[in-house]
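Asks: File follows, upload.txt with compact mmCIF, C-alpha atoms and all ligand atoms:
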# COMPACT_ATOMS: atom_id res chain seq x y z
CA MET D 1 -19.37 -12.90 42.53
CA ALA D 2 -22.41 -10.69 41.82
CA ASN D 3 -23.50 -10.07 38.21
CA LYS D 4 -20.71 -12.14 36.84
CA ALA D 5 -20.95 -12.13 33.04
CA SER D 6 -19.82 -15.29 31.34
CA PHE D 7 -17.78 -13.82 28.51
CA GLY D 8 -15.81 -10.65 28.06
CA VAL D 9 -14.46 -9.34 24.78
CA PHE D 10 -11.36 -7.17 24.58
CA ILE D 11 -10.33 -5.81 21.19
CA GLY D 12 -6.95 -4.23 20.53
CA ARG D 13 -4.01 -4.06 18.17
CA PHE D 14 -1.44 -4.66 20.92
CA GLN D 15 1.39 -3.24 18.82
CA PRO D 16 2.95 -4.10 21.24
CA LEU D 17 1.13 -5.43 24.30
CA HIS D 18 1.95 -3.21 27.32
CA ILE D 19 1.07 -3.25 31.01
CA GLY D 20 -1.95 -0.98 30.41
CA HIS D 21 -3.50 -3.67 28.20
CA GLU D 22 -2.54 -6.30 30.76
CA TYR D 23 -4.26 -4.28 33.47
CA VAL D 24 -7.49 -4.24 31.43
CA ILE D 25 -7.25 -8.00 30.92
CA ARG D 26 -6.70 -8.68 34.64
CA LYS D 27 -9.49 -6.32 35.70
CA SER D 28 -11.85 -7.89 33.17
CA LEU D 29 -11.08 -11.36 34.47
CA GLU D 30 -12.37 -10.22 37.87
CA GLN D 31 -15.78 -9.75 36.23
CA VAL D 32 -16.11 -12.54 33.65
CA ASP D 33 -15.41 -16.26 33.46
CA ARG D 34 -13.70 -16.10 30.10
CA LEU D 35 -12.12 -13.22 28.25
CA ILE D 36 -11.94 -13.36 24.45
CA VAL D 37 -9.03 -11.19 23.33
CA LEU D 38 -9.41 -10.25 19.68
CA VAL D 39 -6.14 -9.16 18.11
CA GLY D 40 -7.10 -6.54 15.54
CA SER D 41 -5.36 -5.68 12.26
CA ALA D 42 -4.33 -9.33 12.11
CA ASN D 43 -4.21 -9.32 8.31
CA VAL D 44 -1.99 -6.35 7.51
CA ALA D 45 1.59 -6.34 6.25
CA ARG D 46 4.24 -5.22 8.70
CA ASP D 47 4.85 -1.48 8.78
CA PRO D 48 6.08 0.89 11.50
CA ARG D 49 2.51 1.26 12.84
CA ASN D 50 1.82 -2.49 12.74
CA PRO D 51 5.29 -3.94 13.24
CA PHE D 52 4.33 -7.29 14.76
CA THR D 53 2.47 -10.15 13.08
CA TYR D 54 -0.57 -11.75 14.65
CA GLU D 55 1.55 -14.73 15.75
CA GLU D 56 4.07 -12.44 17.47
CA ARG D 57 1.31 -10.59 19.31
CA GLU D 58 -0.37 -13.84 20.32
CA HIS D 59 3.02 -14.86 21.72
CA MET D 60 3.20 -11.62 23.76
CA ILE D 61 -0.22 -12.27 25.28
CA ARG D 62 0.71 -15.89 25.94
CA SER D 63 3.91 -14.86 27.73
CA ALA D 64 1.91 -12.61 30.08
CA PHE D 65 -1.14 -14.88 30.51
CA ALA D 66 0.25 -18.41 30.08
CA TYR D 67 -1.71 -19.79 33.04
CA GLU D 68 -4.99 -18.09 32.12
CA MET D 69 -4.69 -19.28 28.51
CA ALA D 70 -3.95 -22.84 29.59
CA GLN D 71 -7.05 -22.70 31.81
CA GLY D 72 -9.18 -21.36 28.96
CA GLN D 73 -9.89 -18.14 30.89
CA VAL D 74 -8.20 -16.10 28.19
CA VAL D 75 -8.89 -17.04 24.57
CA VAL D 76 -6.91 -15.21 21.88
CA GLU D 77 -8.15 -14.94 18.29
CA PRO D 78 -7.08 -12.95 15.20
CA LEU D 79 -9.40 -10.28 13.82
CA ASP D 80 -9.02 -8.88 10.31
CA ASP D 81 -9.47 -5.23 9.34
CA HIS D 82 -12.06 -4.27 6.72
CA LEU D 83 -11.08 -0.63 6.50
CA TYR D 84 -13.96 0.48 4.28
CA SER D 85 -16.68 -1.64 5.81
CA ASP D 86 -17.35 -1.27 9.53
CA ASN D 87 -20.27 -3.64 8.97
CA ALA D 88 -17.99 -6.40 7.67
CA TRP D 89 -15.67 -5.81 10.62
CA THR D 90 -18.50 -5.78 13.18
CA ALA D 91 -19.91 -8.97 11.64
CA GLU D 92 -16.50 -10.62 11.96
CA VAL D 93 -16.27 -9.62 15.64
CA GLN D 94 -19.76 -11.01 16.26
CA ARG D 95 -19.00 -14.24 14.38
CA ARG D 96 -15.73 -14.87 16.21
CA VAL D 97 -17.30 -14.24 19.60
CA HIS D 98 -20.44 -16.25 18.94
CA GLU D 99 -18.41 -19.21 17.63
CA ILE D 100 -16.47 -19.34 20.88
CA VAL D 101 -19.56 -18.82 23.04
CA LEU D 102 -21.48 -21.55 21.18
CA ALA D 103 -18.51 -23.94 21.22
CA GLU D 104 -18.66 -23.70 25.00
CA GLY D 105 -22.22 -25.05 24.82
CA ASN D 106 -23.64 -21.80 26.13
CA SER D 107 -27.40 -22.01 25.95
CA GLY D 108 -28.04 -18.36 26.79
CA PHE D 109 -27.21 -17.14 23.32
CA GLN D 110 -29.97 -16.99 20.69
CA ALA D 111 -28.57 -16.90 17.18
CA ASN D 112 -31.32 -14.58 15.93
CA GLY D 113 -31.79 -12.26 18.85
CA LEU D 114 -30.23 -9.49 20.87
CA ASP D 115 -30.21 -11.36 24.14
CA ASP D 116 -26.43 -11.69 24.23
CA PHE D 117 -26.72 -11.13 27.98
CA SER D 118 -23.71 -13.28 28.76
CA ILE D 119 -21.30 -11.15 26.70
CA SER D 120 -19.65 -7.89 27.79
CA LEU D 121 -17.20 -5.63 26.06
CA SER D 122 -14.05 -4.44 27.73
CA GLY D 123 -11.91 -1.48 26.85
CA PHE D 124 -11.19 2.09 27.65
CA GLY D 125 -12.40 4.81 25.25
CA LYS D 126 -8.97 6.41 24.95
CA ASP D 127 -9.76 8.70 22.01
CA GLN D 128 -11.84 8.82 18.84
CA SER D 129 -10.05 5.69 17.62
CA SER D 130 -12.06 3.75 20.24
CA TYR D 131 -15.40 4.60 18.53
CA TYR D 132 -15.83 0.91 17.82
CA LEU D 133 -16.67 0.29 21.48
CA LYS D 134 -20.15 1.67 20.69
CA MET D 135 -20.77 -0.77 17.84
CA PHE D 136 -22.05 -3.62 20.00
CA PRO D 137 -25.21 -2.41 21.74
CA ALA D 138 -26.34 -5.98 22.45
CA TRP D 139 -23.36 -6.51 24.72
CA GLY D 140 -22.82 -5.21 28.21
CA ASN D 141 -19.83 -3.15 29.30
CA ILE D 142 -17.07 -4.19 31.59
CA GLN D 143 -16.33 -1.10 33.64
CA ILE D 144 -12.62 -0.47 33.97
CA ASP D 145 -12.00 2.35 36.45
CA SER D 146 -9.58 4.43 34.39
CA GLN D 147 -6.77 4.29 31.89
CA TYR D 148 -3.70 2.71 33.41
CA GLY D 149 -0.89 5.23 33.02
CA THR D 150 -0.54 7.69 30.21
CA PHE D 151 1.61 5.54 27.96
CA SER D 152 0.45 3.96 24.75
CA SER D 153 1.71 1.48 22.18
CA ALA D 154 2.40 4.45 19.88
CA ASP D 155 4.90 5.88 22.43
CA ILE D 156 6.57 2.48 22.70
CA ARG D 157 6.89 2.18 18.93
CA GLU D 158 8.33 5.70 18.80
CA ARG D 159 11.09 4.72 21.23
CA PHE D 160 11.62 1.25 19.75
CA PHE D 161 12.13 2.49 16.19
CA ALA D 162 14.26 5.48 17.20
CA ARG D 163 17.78 6.01 15.85
CA ILE D 164 18.99 4.45 19.09
CA PRO D 165 16.29 1.84 19.67
CA GLU D 166 15.02 1.53 23.20
CA VAL D 167 12.90 -1.20 24.78
CA PRO D 168 10.92 0.56 27.55
CA ASP D 169 11.14 -2.35 29.99
CA SER D 170 9.29 -0.54 32.80
CA ILE D 171 5.97 -0.54 30.91
CA LEU D 172 6.30 -3.99 29.37
CA SER D 173 6.02 -7.29 31.14
CA LYS D 174 9.18 -9.40 31.22
CA GLY D 175 8.26 -11.78 28.39
CA VAL D 176 7.19 -8.96 26.06
CA ALA D 177 10.37 -6.98 26.81
CA GLU D 178 12.46 -10.08 26.01
CA GLN D 179 10.56 -10.58 22.78
CA LEU D 180 11.26 -6.99 21.75
CA HIS D 181 14.96 -7.35 22.63
CA ASP D 182 15.11 -10.45 20.38
CA PHE D 183 13.16 -8.74 17.63
CA LYS D 184 15.78 -5.96 17.57
CA MET D 185 18.22 -8.52 16.11
CA SER D 186 15.93 -9.57 13.25
CA ASP D 187 15.96 -8.61 9.57
CA ALA D 188 12.31 -7.56 9.95
CA PHE D 189 13.39 -4.95 12.52
CA LYS D 190 16.11 -3.61 10.18
CA ALA D 191 13.59 -3.33 7.36
CA LEU D 192 11.13 -1.51 9.63
CA LEU D 193 13.83 0.91 10.80
CA ALA D 194 14.67 1.75 7.18
CA GLU D 195 10.98 2.27 6.51
CA ARG D 196 10.63 4.49 9.60
CA GLU D 197 13.57 6.65 8.50
CA TYR D 198 12.11 6.97 5.03
CA LEU D 199 8.73 8.00 6.44
CA ASP D 200 10.28 10.50 8.87
CA ALA D 201 12.03 12.25 5.98
CA TYR D 202 8.93 12.21 3.76
CA PRO D 203 7.14 15.44 4.83
CA ALA D 204 10.31 17.52 4.48
CA GLU D 205 10.85 16.19 0.96
CA TRP D 206 7.29 16.06 -0.36
CA GLY D 207 5.17 18.20 1.99
CA GLU D 208 2.31 17.29 4.29
CA GLY D 209 -0.41 16.78 1.67
CA PRO D 210 -3.26 16.10 1.26
CA PHE D 211 -2.09 14.33 -1.87
CA VAL D 212 -4.25 12.90 -4.64
CA THR D 213 -3.46 9.55 -6.21
CA ALA D 214 -5.13 7.22 -8.69
CA ASP D 215 -5.12 3.42 -8.62
CA ALA D 216 -6.17 0.81 -11.16
CA VAL D 217 -8.04 -2.31 -10.04
CA VAL D 218 -7.66 -4.44 -13.17
CA ILE D 219 -9.62 -7.68 -13.29
CA GLN D 220 -9.59 -10.28 -16.04
CA SER D 221 -11.03 -13.79 -15.84
CA GLY D 222 -10.73 -14.21 -12.06
CA HIS D 223 -7.30 -12.56 -11.94
CA ILE D 224 -6.09 -9.19 -10.71
CA LEU D 225 -3.12 -7.27 -12.03
CA LEU D 226 -0.66 -6.22 -9.30
CA VAL D 227 2.86 -4.85 -9.13
CA GLU D 228 5.55 -5.71 -6.66
CA ARG D 229 6.87 -2.54 -5.10
CA GLY D 230 10.48 -2.03 -6.05
CA ARG D 231 11.36 0.55 -3.44
CA LEU D 232 10.43 2.07 -0.08
CA PRO D 233 7.90 2.34 1.37
CA GLY D 234 6.56 -1.21 1.30
CA LYS D 235 9.45 -2.64 -0.76
CA GLY D 236 8.57 -6.18 -1.81
CA LEU D 237 4.83 -5.84 -1.10
CA LEU D 238 2.16 -6.11 -3.78
CA ALA D 239 0.27 -3.00 -4.81
CA LEU D 240 -2.33 -1.82 -7.26
CA PRO D 241 -0.80 -0.10 -10.26
CA GLY D 242 -1.17 3.60 -9.54
CA GLY D 243 0.49 6.77 -8.40
CA PHE D 244 0.33 10.51 -7.88
CA VAL D 245 -1.82 12.65 -10.13
CA ASN D 246 0.11 15.23 -12.17
CA ARG D 247 -0.89 18.89 -12.10
CA ASP D 248 -2.05 18.85 -15.70
CA GLU D 249 -4.04 15.63 -15.91
CA ARG D 250 -7.40 14.25 -14.90
CA VAL D 251 -7.49 11.63 -12.18
CA ARG D 252 -8.78 8.98 -14.58
CA ASP D 253 -5.96 9.74 -17.02
CA ALA D 254 -3.46 9.37 -14.18
CA ALA D 255 -4.80 5.89 -13.41
CA ILE D 256 -4.48 4.90 -17.07
CA ARG D 257 -1.00 6.43 -17.42
CA GLU D 258 0.29 4.70 -14.27
CA LEU D 259 -1.28 1.41 -15.36
CA ARG D 260 0.49 1.57 -18.73
CA GLU D 261 3.83 2.72 -17.24
CA GLU D 262 3.93 0.14 -14.48
CA THR D 263 2.57 -2.90 -16.32
CA GLU D 264 2.87 -2.23 -20.08
CA ILE D 265 -0.38 -4.15 -20.42
CA GLY D 266 -1.00 -5.28 -23.98
CA ASP D 267 -0.91 -8.15 -26.43
CA SER D 268 1.28 -9.28 -29.29
CA LYS D 269 0.37 -6.11 -31.22
CA GLY D 270 1.68 -3.87 -28.45
CA GLN D 271 0.38 -1.90 -25.47
CA ILE D 272 -3.37 -1.28 -25.10
CA PRO D 273 -4.01 2.36 -26.09
CA PRO D 274 -5.31 4.71 -23.36
CA ALA D 275 -8.72 5.16 -25.00
CA MET D 276 -9.31 1.41 -25.10
CA LEU D 277 -8.28 1.06 -21.44
CA ALA D 278 -10.71 3.88 -20.61
CA SER D 279 -13.52 1.90 -22.25
CA PHE D 280 -12.90 -0.97 -19.81
CA ILE D 281 -13.55 1.21 -16.74
CA GLU D 282 -16.75 -0.02 -15.14
CA ASP D 283 -19.44 2.66 -14.91
CA SER D 284 -16.67 5.09 -16.01
CA ARG D 285 -16.49 6.16 -12.38
CA SER D 286 -13.95 6.02 -9.56
CA ARG D 287 -14.42 5.37 -5.88
CA ILE D 288 -12.63 7.39 -3.26
CA PHE D 289 -10.59 5.67 -0.57
CA ASP D 290 -9.73 8.15 2.12
CA ALA D 291 -9.22 6.49 5.51
CA PRO D 292 -7.13 9.16 7.29
CA GLY D 293 -4.48 6.64 8.38
CA ARG D 294 -4.35 4.73 5.10
CA SER D 295 -0.79 5.78 4.36
CA LEU D 296 2.03 6.49 6.79
CA ARG D 297 3.49 8.92 4.24
CA GLY D 298 0.81 11.49 5.04
CA ARG D 299 -2.74 12.32 4.05
CA ILE D 300 -3.20 10.59 0.71
CA ILE D 301 -6.63 10.33 -0.87
CA THR D 302 -6.89 7.87 -3.70
CA HIS D 303 -9.38 7.31 -6.48
CA ALA D 304 -9.64 3.70 -7.57
CA PHE D 305 -10.97 2.73 -11.01
CA LEU D 306 -12.26 -0.75 -11.79
CA PHE D 307 -11.01 -1.95 -15.19
CA ARG D 308 -13.00 -5.03 -16.15
CA LEU D 309 -11.16 -6.59 -19.08
CA PRO D 310 -12.93 -9.04 -21.41
CA GLU D 311 -13.00 -12.63 -20.19
CA ARG D 312 -10.62 -14.73 -22.26
CA ARG D 313 -8.48 -17.82 -21.92
CA LYS D 314 -5.25 -15.91 -22.46
CA LEU D 315 -4.73 -12.98 -20.11
CA PHE D 316 -3.25 -9.79 -21.49
CA LYS D 317 0.54 -9.65 -21.47
CA VAL D 318 2.17 -7.57 -18.72
CA LYS D 319 5.66 -6.79 -17.64
CA GLY D 320 7.31 -4.73 -14.94
CA GLY D 321 8.41 -1.22 -15.75
CA ASP D 322 8.94 2.20 -14.18
CA ASP D 323 9.23 2.06 -10.38
CA ALA D 324 7.50 -1.30 -9.95
CA ALA D 325 9.83 -4.29 -9.62
CA HIS D 326 7.49 -6.38 -11.75
CA ALA D 327 3.86 -6.76 -12.68
CA ARG D 328 1.91 -9.98 -12.89
CA TRP D 329 -1.56 -11.45 -12.76
CA TYR D 330 -2.64 -13.04 -9.48
CA ARG D 331 -5.55 -15.42 -9.08
CA LEU D 332 -8.00 -13.62 -6.79
CA GLY D 333 -8.07 -16.69 -4.57
CA GLU D 334 -4.31 -16.79 -4.02
CA LEU D 335 -4.08 -13.32 -2.47
CA LYS D 336 -3.60 -12.88 1.22
CA PRO D 337 -4.28 -9.44 2.73
CA GLU D 338 -0.85 -9.30 4.38
CA MET D 339 0.80 -9.50 0.94
CA LEU D 340 -0.53 -6.04 0.08
CA PHE D 341 0.74 -2.51 0.62
CA GLU D 342 -1.12 0.03 2.79
CA ASP D 343 -4.91 -0.37 2.38
CA HIS D 344 -4.79 -1.98 -1.07
CA TRP D 345 -6.36 -5.21 0.17
CA SER D 346 -9.32 -3.26 1.58
CA ILE D 347 -9.66 -1.41 -1.74
CA ILE D 348 -9.65 -4.68 -3.69
CA GLU D 349 -12.16 -6.16 -1.26
CA GLN D 350 -14.56 -3.30 -2.02
CA MET D 351 -13.94 -2.86 -5.74
CA ALA D 352 -13.84 -6.55 -6.69
CA ASP D 353 -16.70 -7.48 -4.33
CA LEU D 354 -14.65 -10.13 -2.53
P1 LIG U 1 -4.95 -0.61 21.12
O1 LIG U 1 -4.02 -1.76 21.23
O2 LIG U 1 -4.39 0.75 20.88
O3 LIG U 1 -5.89 -0.51 22.40
C1 LIG U 1 -6.65 -1.61 22.85
C2 LIG U 1 -7.45 -1.22 24.07
O4 LIG U 1 -6.56 -0.98 25.16
C3 LIG U 1 -8.29 0.05 23.90
O5 LIG U 1 -9.56 -0.15 24.52
C4 LIG U 1 -7.46 1.08 24.64
O6 LIG U 1 -8.24 2.15 25.12
C5 LIG U 1 -6.87 0.25 25.77
N1 LIG U 1 -5.64 0.88 26.31
C6 LIG U 1 -4.61 1.40 25.61
N2 LIG U 1 -3.68 1.92 26.45
C7 LIG U 1 -4.16 1.74 27.70
C8 LIG U 1 -3.67 2.09 29.00
N3 LIG U 1 -2.51 2.71 29.19
N4 LIG U 1 -4.44 1.76 30.07
C9 LIG U 1 -5.63 1.12 29.90
N5 LIG U 1 -6.15 0.78 28.69
C10 LIG U 1 -5.41 1.09 27.61
O7 LIG U 1 -5.95 -1.03 19.97
P2 LIG U 1 -6.99 -0.23 19.05
O8 LIG U 1 -6.27 0.53 18.00
O9 LIG U 1 -8.01 0.45 19.86
O10 LIG U 1 -7.59 -1.54 18.34
C11 LIG U 1 -8.75 -1.53 17.60
C12 LIG U 1 -8.65 -2.58 16.51
O11 LIG U 1 -9.93 -2.69 15.88
C13 LIG U 1 -7.66 -2.21 15.44
O12 LIG U 1 -7.01 -3.35 14.97
C14 LIG U 1 -8.56 -1.62 14.35
O13 LIG U 1 -8.01 -1.72 13.05
C15 LIG U 1 -9.77 -2.50 14.50
N6 LIG U 1 -10.98 -1.87 13.90
C16 LIG U 1 -11.20 -2.15 12.60
C17 LIG U 1 -12.30 -1.60 11.96
C18 LIG U 1 -12.51 -1.94 10.49
O14 LIG U 1 -11.70 -2.68 9.95
N7 LIG U 1 -13.56 -1.44 9.86
C19 LIG U 1 -13.18 -0.75 12.66
C20 LIG U 1 -12.92 -0.50 14.00
C21 LIG U 1 -11.80 -1.05 14.62
Now that the file is in, can you turn its structure into structure tokens?
Ligand code: NAD
Replies:
Amino acid sequence: MANKASFGVFIGRFQPLHIGHEYVIRKSLEQVDRLIVLVGSANVARDPRNPFTYEEREHMIRSAFAYEMAQGQVVVEPLDDHLYSDNAWTAEVQRRVHEIVLAEGNSGFQANGLDDFSISLSGFGKDQSSYYLKMFPAWGNIQIDSQYGTFSSADIRERFFARIPEVPDSILSKGVAEQLHDFKMSDAFKALLAEREYLDAYPAEWGEGPFVTADAVVIQSGHILLVERGRLPGKGLLALPGGFVNRDERVRDAAIRELREETEIGDSKGQIPPAMLASFIEDSRSRIFDAPGRSLRGRIITHAFLFRLPERRKLFKVKGGDDAAHARWYRLGELKPEMLFEDHWSIIEQMADL
């Protein structure tokens, strides 16, 4: 085969995998020896936009490409989001791909150069969300003639999480359709349906936004203060203490108010007064986190404040209050991104320099 590249890379969320994705994979395999399929958003909690875990999506790909995976022609790997650092994300893509290429004993790749001539990127620039296809200039392109059908994973999710859930078998391969039929029986599906209904009703109840919120990233002696969400959306997930800014308050004061309401942070003498909490805010500044899709409730722009509390052997006392089920300190090292609500992991990653 002329100009056969050794490795192809195909990045996607596959929420869920459909026959359009499968078409891209098959077409790519006509042009490369091995296709590395990177399953994006591998580290996010389930929500109606990302309903399936990495393992479930790997299973979908395996059901459609069992032979190719057994032969090593298709290699599937998880890829984490770093919502506020495209550089961190790009670096992770490069690292994953180079590890696989080097593990194959490929001598064409120079660790310090741009001569990644054996690697090509696959994918169809469907809309502005495919901007990432331009982030790898060192890699070639696998030309796929055109988008396969007009359907998308978003349409499938729309039908799957409808009041009368439908599995659109005609645009899913058999194994994926079966997996979705099974998933319909699970508790995770029920929880996602409840979440979907809540989110559908949200704009009528609260409006379309944009909304302004404030969040507190509170760090003390290698620990971070988080609350477990007591209600929808994201019931049971961990979140930064925070909430909506009232009409009559400054954003910083909202962060302090929510922090006190949700965690009652203090010591044996009582809660820490607002002015003292304010003095712990690093650089007395906030950072804005505004990824357009950061919340499924609507357009919510948040301001996060870093509260760096004095290092001490005994952490401040906290307890759950208000709408948080409970508050507690977490060792920074024990957190996993998928334990966190919306983009809170990405915010922590930036604010706490993880
Ligand atoms: P997707 O599953 O929607 O699409 C994957 C690929 O399949 C795309 O190239 C798309 O064009 C193609 N495709 C979709 N429908 C098709 C059809 N009918 N026919 C032919 N091709 C079709 O995935 P996505 O949302 O594009 O995935 C990108 C991933 O990269 C996400 O997980 C995203 O979070 C991640 N990402 C992260 C960062 C960051 O964290 N900073 C930055 C960029 C991208």
Asks: Could you please extract the residues within 9 Å of ligand LIG 1 (chain U), counting all atoms listed in the file, and hand them back as number ranges by chain?
Replies: D: 10-24, 38-42, 79-90, 122-127, 129-133, 135, 144, 146-154, 346
Asks: Between atom CA of Asp169 of chain D and atom CA of Gly72 of chain D, measure the distance and give it in Å to one decimal.
Replies: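 Value for the atom CA of Asp169 of chain D-atom CA of Gly72 of chain D distance: 27.8 Å.
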Asks: List as a count of residues only the residues having at least one atom at most 12 Å from position (-13.5, 4.4, 2.4) as given in the file, counting all atoms listed in the file.
Replies: 25
Asks: Rounded to one decimal in Å, what is the spacing between atom CA of Val76 of chain D and atom CA of Ser173 of chain D?
Replies: 17.8 Å
Asks: Please measure the separation of atom CA of Pro241 of chain D and atom CA of Leu259 of chain D, giving the value in Å to one decimal.
Replies: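 Those two atoms sit 5.3 Å apart.
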Asks: Using all atoms listed in the file, which residues sit within 9 Å of Trp345 of chain D once same-chain residues fewer than 4 positions away are excluded, as number ranges by chain?
Replies: D: 44, 82, 239, 335-341, 349-350
Asks: Here is a test: counting only C-alpha atoms, which residue of D:Leu225, D:Val245, D:Val37, D:Leu237 is nearest to Leu306 of chain D?
Replies: D:Leu225
Asks: Taking only C-alpha atoms into account, which of D:Ile265, D:Ala216, D:Ala194, D:Arg229 comes nearest Ile281 of chain D?
Replies: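 Smallest distance to Ile281 of chain D is found for D:Ala216.
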Asks: Would you please work out which residue, of D:Ala214, D:Ile171, D:Ile156, D:Leu232, is nearest to Tyr198 of chain D when using all atoms listed in the file?
Replies: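 That would be D:Leu232, the residue with the smallest distance to Tyr198 of chain D.
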Asks: Identify, on the basis of all atoms listed in the file, every residue whose closest approach to Met276 of chain D does not exceed 12 Å; exclude the query and any residue fewer than 5 positions from it along the same chain; express the result as a ChimeraX atom specification.
Replies: /D:256,260,265-266,271,281,307-310
